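S.K.: Mind having a look at this structure? Questions to follow.
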There are 2 protein chains.
Amino acid sequence: MKTIPNLEIPSQMKALVLSKYNTKLQVQEKQVPIPGKGEVLVEIDSSPINPSDLSFIKGNYSTKKALPVVAGFEGSGRVVATGSDFMSRRLLGKSVACFAPTEGNGTWSEYMVTKNRLVIPLKSNMDIEQGAMLMVNPLSVLAMLDIAKKGGHKAIANTAAASTLGKMLNSLCLNRNIPIINIVRREDQAELLKNQGAKYVINSSSDNYADEMKSMFHELKVTLAFDAVAGSLTSDLIGAMPSGGEVMVYGGLSEQPISIHPRRLIFEKKKLSGFWASEWITHQPMLKLLGMFNKIQKHLSKSHQISIQKRISLEEGPEGLLLYQQNMSSGKVLVKPGMG
Amino acid sequence: MKTIPNLEIPSQMKALVLSKYNTKLQVQEKQVPIPGKGEVLVEIDSSPINPSDLSFIKGNYSTKKALPVVAGFEGSGRVVATGSDFMSRRLLGKSVACFAPTEGNGTWSEYMVTKNRLVIPLKSNMDIEQGAMLMVNPLSVLAMLDIAKKGGHKAIANTAAASTLGKMLNSLCLNRNIPIINIVRREDQAELLKNQGAKYVINSSSDNYADEMKSMFHELKVTLAFDAVAGSLTSDLIGAMPSGGEVMVYGGLSEQPISIHPRRLIFEKKKLSGFWASEWITHQPMLKLLGMFNKIQKHLSKSHQISIQKRISLEEGPEGLLLYQQNMSSGKVLVKPGMG
């Protein structure tokens, strides 16, 4: 193991642990792990609560980990120790964005060991807190734009558009002159997006929303919609689209199934599919991904800041999860293991 | 207008007319139409009742025609008069399969005018009754195989598999060594298909059908299912498929919507889309379609005969529709305008 000279790494640390799916997380004392070959030890600075964390904790996520396990999928921090291999050693001392290993403990912890390829050095002008949110949302957004471009779609739509992901997607679409219809469910969310320069916003709670959406979708030729909500909203999206339109579902916030009439599929040529960023990434060439991370860092340091509604200690984790779940459009809740 | 020498064409004819959607058809006296440029007059021999006729009469089909109109989409007969242009004149006197024009009167009539490009000369060994069913079902089946091949699917499934289309699809798959799972809802239909050489048949009324389907789909790597039923059967198909599987809905016999859980789309990468033969055809090159019609005629004259459960006169039309609707898997009901 290689370490930063003169830096003392403690042997014990605090971590926020999930012992059983769909139960409350608990702060526990754990041994600081030791990085092996191809691994790095990150002293975590910040880690966001994402929708994927909520479904992982509930036991609804695609992958389950062996329990007990430290929760949290992404974060930022400093590499304070590494395996003795060259690729890992190069990262020693660097500020990085990091992703939790597929198996094993996550980011809501004072220290985390992960693979060196799940770590991206932050550019010097990159804020360490913004850098904690470099992977899940920004990669999803860039993946969405990549899919839209490859499919030849002239305009897109997105639901739950006041979320962190939604705001980022809107910001990047404005940046690239891609018309995007932002669909929200409250008037204050609509205002928030309009204040951020959004051109097209639809409030799904308004009376004539289905008609409004249909005429907007037809006028702008929206043939691809990303949907985080599922349930009746997806059916409405499908109905509003011009012939041949596709809805890609990437979340199920309504916790409802989707109902679709066969005529929509047969005669209107509509399509229903899914989008899952983690899965999408595995099919992309490494160089393309590195290029994407560069774009993300530029965009996040210049044009777009992810808003943070609260910073919490590990001890405040359970309340933080509740707060985020009830207030997703007010900004991210950041877990700061050093705050305790 | 060109006519066959010494053949007298009457000025009046009988036809089965739809005056209002979702009401009973009535036999009416009409003037025999005169073919213009690019058109031919066919003396109809036979015309099947297809599922698309049922939904057209109910007003559920994608296209509605101006009423009153003669019903019937496809048939066979002899070209007895043509417009004076070269392409039409070439067809004079020939036995043909024919399709009704997009606008205007259909095949359930003693005579029908249609475009010369909606007419295919029958090969000399082709039965005139089999030739009446050359377009809707066989083209659907060939389109399905074309889609399966292009998508790189190793094995497919089909529902309502005891239908005329289902039997033909099974027969062609056997012919081409493509594993196909035939899904039916009664034991006698399962027997019928097994007697026709079907290797894999599943009865959706049996107790352990969902498990049986899942293990068969996984074992044979069924990644594409064609579904004519919709409703809960589609959800079961989606559930049974291996990751990445697609269900293409081409009918809604259950008259029920489809319910799908977002996790199927996101984490299991399932897809839901539609298939509509008439629409598919418009995107294919003419040469490819002609090649397909040749293959169909060969297959129908050699390996596979479409079974006919009843031949009816125009006057028996309404009872024929009822009979077919209640007994789709017993074979086709053929309208024979000359029988009256």
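Residues in the structure tokens are named by chain (A, B, ... in the order shown) and by number from 1 within that chain; ligands are numbered from 1 in the order shown.
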Dump as CSV the rows for residues of chain A within 10 Å of chain B: closest atom pair and distance in Å with one decimal, only C-alpha atoms counted, ordered by chain and rising residue number.
M.R.:
residue,atom,partner,partner_atom,distance
A:Asn60,CA,B:Arg263,CA,8.7
A:Tyr61,CA,B:Phe267,CA,8.2
A:Ser62,CA,B:Phe267,CA,5.7
A:Thr63,CA,B:Phe267,CA,9.0
A:Asp227,CA,B:Pro262,CA,9.9
A:Ala228,CA,B:Pro262,CA,9.3
A:Val229,CA,B:Pro262,CA,9.0
A:Ala230,CA,B:Pro262,CA,6.5
A:Gly231,CA,B:Pro262,CA,8.5
A:Thr234,CA,B:Pro262,CA,9.9
A:Gly244,CA,B:Ser273,CA,9.8
A:Glu246,CA,B:Ser273,CA,9.1
A:Met248,CA,B:Leu265,CA,8.1
A:Val249,CA,B:Ile266,CA,6.5
A:Tyr250,CA,B:Ile266,CA,5.8
A:Gly251,CA,B:Pro262,CA,6.9
A:Gly252,CA,B:Pro262,CA,5.9
A:Leu253,CA,B:Pro262,CA,9.7
A:Glu255,CA,B:Pro262,CA,8.5
A:Gln256,CA,B:His261,CA,7.4
A:Pro257,CA,B:His261,CA,4.5
A:Ile258,CA,B:Ile260,CA,5.2
A:Ser259,CA,B:Ser259,CA,4.4
A:Ile260,CA,B:Ile258,CA,5.2
A:His261,CA,B:Pro257,CA,4.5
A:Pro262,CA,B:Gly252,CA,6.0
A:Arg263,CA,B:Gly252,CA,7.7
A:Arg264,CA,B:Gly274,CA,7.9
A:Leu265,CA,B:Gly274,CA,4.2
A:Ile266,CA,B:Gly274,CA,4.2
A:Phe267,CA,B:Ser62,CA,5.8
A:Glu268,CA,B:Gly274,CA,8.3
A:Lys269,CA,B:Gly274,CA,5.8
A:Lys270,CA,B:Ser273,CA,6.4
A:Lys271,CA,B:Ser273,CA,4.7
A:Leu272,CA,B:Leu272,CA,5.1
A:Ser273,CA,B:Lys271,CA,4.7
A:Gly274,CA,B:Leu265,CA,4.2
A:Phe275,CA,B:Ile266,CA,5.3
A:Trp276,CA,B:Ile266,CA,5.6
A:Ala277,CA,B:Ile266,CA,9.3
A:Ser278,CA,B:Phe267,CA,9.7
A:Glu279,CA,B:Phe267,CA,8.3
S.K.: What does the file look like for those residues with C-alpha atoms, as a PDB file, in the first residue's frame?
M.R.:
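Here's the written file selection-v5.pdb:
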ATOM      1  CA  ASN A  60     -36.121  -2.050  -5.267  1.00  0.00           C
ATOM      2  CA  TYR A  61     -32.884  -1.422  -7.127  1.00  0.00           C
ATOM      3  CA  SER A  62     -31.703  -3.753  -9.855  1.00  0.00           C
ATOM      4  CA  THR A  63     -28.695  -4.955  -7.919  1.00  0.00           C
ATOM      5  CA  ASP A 227     -39.923   9.654 -18.030  1.00  0.00           C
ATOM      6  CA  ALA A 228     -38.976   9.301 -14.357  1.00  0.00           C
ATOM      7  CA  VAL A 229     -42.532   9.039 -13.051  1.00  0.00           C
ATOM      8  CA  ALA A 230     -44.326   6.078 -14.743  1.00  0.00           C
ATOM      9  CA  GLY A 231     -48.035   5.383 -14.045  1.00  0.00           C
ATOM     10  CA  THR A 234     -46.460   7.718 -19.111  1.00  0.00           C
ATOM     11  CA  GLY A 244     -43.735   6.837 -34.063  1.00  0.00           C
ATOM     12  CA  GLU A 246     -40.955   6.676 -28.044  1.00  0.00           C
ATOM     13  CA  MET A 248     -38.011   5.841 -22.359  1.00  0.00           C
ATOM     14  CA  VAL A 249     -38.786   5.237 -18.715  1.00  0.00           C
ATOM     15  CA  TYR A 250     -35.886   5.830 -16.318  1.00  0.00           C
ATOM     16  CA  GLY A 251     -37.669   5.933 -12.993  1.00  0.00           C
ATOM     17  CA  GLY A 252     -40.879   4.979 -11.237  1.00  0.00           C
ATOM     18  CA  LEU A 253     -41.440   7.857  -8.804  1.00  0.00           C
ATOM     19  CA  GLU A 255     -44.682   3.697  -7.885  1.00  0.00           C
ATOM     20  CA  GLN A 256     -47.472   2.863 -10.357  1.00  0.00           C
ATOM     21  CA  PRO A 257     -47.423   0.525 -13.372  1.00  0.00           C
ATOM     22  CA  ILE A 258     -47.924   1.881 -16.880  1.00  0.00           C
ATOM     23  CA  SER A 259     -51.088   1.146 -18.839  1.00  0.00           C
ATOM     24  CA  ILE A 260     -51.028   1.329 -22.626  1.00  0.00           C
ATOM     25  CA  HIS A 261     -53.681   0.593 -25.232  1.00  0.00           C
ATOM     26  CA  PRO A 262     -52.620  -1.761 -28.061  1.00  0.00           C
ATOM     27  CA  ARG A 263     -53.804   0.718 -30.709  1.00  0.00           C
ATOM     28  CA  ARG A 264     -51.106   3.151 -29.537  1.00  0.00           C
ATOM     29  CA  LEU A 265     -48.498   0.525 -30.383  1.00  0.00           C
ATOM     30  CA  ILE A 266     -50.010  -0.865 -33.575  1.00  0.00           C
ATOM     31  CA  PHE A 267     -51.588   2.025 -35.427  1.00  0.00           C
ATOM     32  CA  GLU A 268     -49.725   4.937 -33.860  1.00  0.00           C
ATOM     33  CA  LYS A 269     -46.359   3.112 -33.886  1.00  0.00           C
ATOM     34  CA  LYS A 270     -45.519   4.268 -30.354  1.00  0.00           C
ATOM     35  CA  LYS A 271     -42.720   2.547 -28.452  1.00  0.00           C
ATOM     36  CA  LEU A 272     -42.079   2.006 -24.774  1.00  0.00           C
ATOM     37  CA  SER A 273     -38.616   1.203 -23.493  1.00  0.00           C
ATOM     38  CA  GLY A 274     -36.344   1.818 -20.541  1.00  0.00           C
ATOM     39  CA  PHE A 275     -33.224   3.811 -19.853  1.00  0.00           C
ATOM     40  CA  TRP A 276     -30.733   2.954 -17.151  1.00  0.00           C
ATOM     41  CA  ALA A 277     -27.557   5.013 -17.058  1.00  0.00           C
ATOM     42  CA  SER A 278     -25.403   2.396 -15.268  1.00  0.00           C
ATOM     43  CA  GLU A 279     -26.294  -0.126 -17.919  1.00  0.00           C
TER      44      GLU A 279
END
S.K.: Which polymer residues have any atom within 8 Å of an atom of Gly38 of chain A, counting only C-alpha atoms, with same-chain residues fewer than 6 positions away left out, as an MDAnalysis selection string?
M.R.: chainID A and resid 82:83 85 87:88 115:116
S.K.: Can I get the selection written as a short mmCIF file (atom, residue, chain, number, x, y, z; two decimals), in the first residue's frame, with N, CA and C atoms?
M.R.:
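Done, and the output landed in result08.cif:
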data_model
loop_
_atom_site.label_atom_id
_atom_site.label_comp_id
_atom_site.auth_asym_id
_atom_site.auth_seq_id
_atom_site.Cartn_x
_atom_site.Cartn_y
_atom_site.Cartn_z
N THR A 82 -3.27 4.03 -1.83
CA THR A 82 -3.57 3.26 -3.04
C THR A 82 -2.87 1.90 -2.98
N GLY A 83 -3.30 1.00 -3.86
CA GLY A 83 -2.53 -0.21 -4.08
C GLY A 83 -1.19 0.17 -4.68
N ASP A 85 0.21 -0.74 -7.43
CA ASP A 85 0.31 -0.76 -8.90
C ASP A 85 0.36 0.66 -9.46
N MET A 87 -1.17 2.31 -12.04
CA MET A 87 -2.40 3.03 -12.34
C MET A 87 -3.05 3.60 -11.08
N SER A 88 -2.95 2.86 -9.98
CA SER A 88 -3.54 3.34 -8.72
C SER A 88 -2.67 4.43 -8.11
N LYS A 115 -12.34 0.67 -6.90
CA LYS A 115 -11.42 0.38 -8.01
C LYS A 115 -10.87 1.69 -8.58
N ASN A 116 -9.64 1.68 -9.04
CA ASN A 116 -9.07 2.92 -9.60
C ASN A 116 -9.83 3.38 -10.85
#
S.K.: Which one is closest to Gly152 of chain B: B:Ser109, B:Thr223, B:Thr164, B:Asn170? Count only C-alpha atoms.
M.R.: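 Of the candidates, the smallest distance to Gly152 of chain B is held by B:Thr223.
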S.K.: Would you please work out which residue, of B:His218, B:Asp146, B:His153, B:Gln305, is nearest to Gln196 of chain B when using only C-alpha atoms?
M.R.: B:Gln305
S.K.: Rank B:Phe226, B:Asp211, B:Leu322, B:Val69 by their smallest atom-to-atom distance to Gly239 of chain B, using only C-alpha atoms, and report the top residue only.
M.R.: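 Smallest distance to Gly239 of chain B is found for B:Asp211.
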S.K.: Using DSSP on the backbone coordinates, identify all residues within segment 227-256 of chain B classified as strand (DSSP E); present the result as a list in words.
M.R.: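 Selecting the strand (DSSP E) positions of segment 227-256 of chain B gives Asp227, Glu246, Val247, Met248 and Val249 of chain B.
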S.K.: Do a neighbour search on Lys2 of chain A at 12 Å with only C-alpha atoms, toss out local chain neighbours closer than 2 positions, and write the hits as a PyMOL selection string.
M.R.: chain A and resi 4-7+9+34-41+79-86+88-93
S.K.: Would you list the contacts of Lys154 of chain A as a PyMOL selection string, taking every protein, DNA or RNA residue within 9 Å and counting only C-alpha atoms, but skipping same-chain residues closer than 5 positions in sequence?
M.R.: chain A and resi 148-149+178-179+220-224
S.K.: Pick the closest to Leu118 of chain B from B:Leu145, B:Val42, B:Ile156, B:Ser19: which is it, counting only C-alpha atoms?
M.R.: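 Looking at the shortest contact to Leu118 of chain B, the residue is B:Val42.
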S.K.: What is the atom CA of Ser254 of chain A-atom CA of Pro318 of chain A distance in Å, reported with one decimal?
M.R.: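 So the two atoms, atom CA of Ser254 of chain A and atom CA of Pro318 of chain A, lie 21.6 Å apart.
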S.K.: Determine which residues of segment 151-239 of chain A DSSP labels as alpha helix (DSSP H) from the backbone of this structure, then write them out as a ChimeraX atom specification.
M.R.: /A:164-175,187-195,209-220,232-239
S.K.: For Leu174 of chain A, find every residue with an atom within 12 Å (counting only C-alpha atoms), except residues of its own chain fewer than 3 positions away, and show them as a ChimeraX atom specification.
M.R.: /A:145,155-156,167-171,177-182,193-194,196-200,303-304
S.K.: Using only C-alpha atoms, determine which residues lie at most 6 Å from Ser46 of chain B, disregarding the query and same-chain residues fewer than 3 positions distant; provide the list as a ChimeraX atom specification.
M.R.: /B:75-76,129,132,335-336
S.K.: Please indicate the distance in Å from atom CA of Lys20 of chain B to atom CA of Val70 of chain B, rounded to one decimal place.
M.R.: 11.3 Å
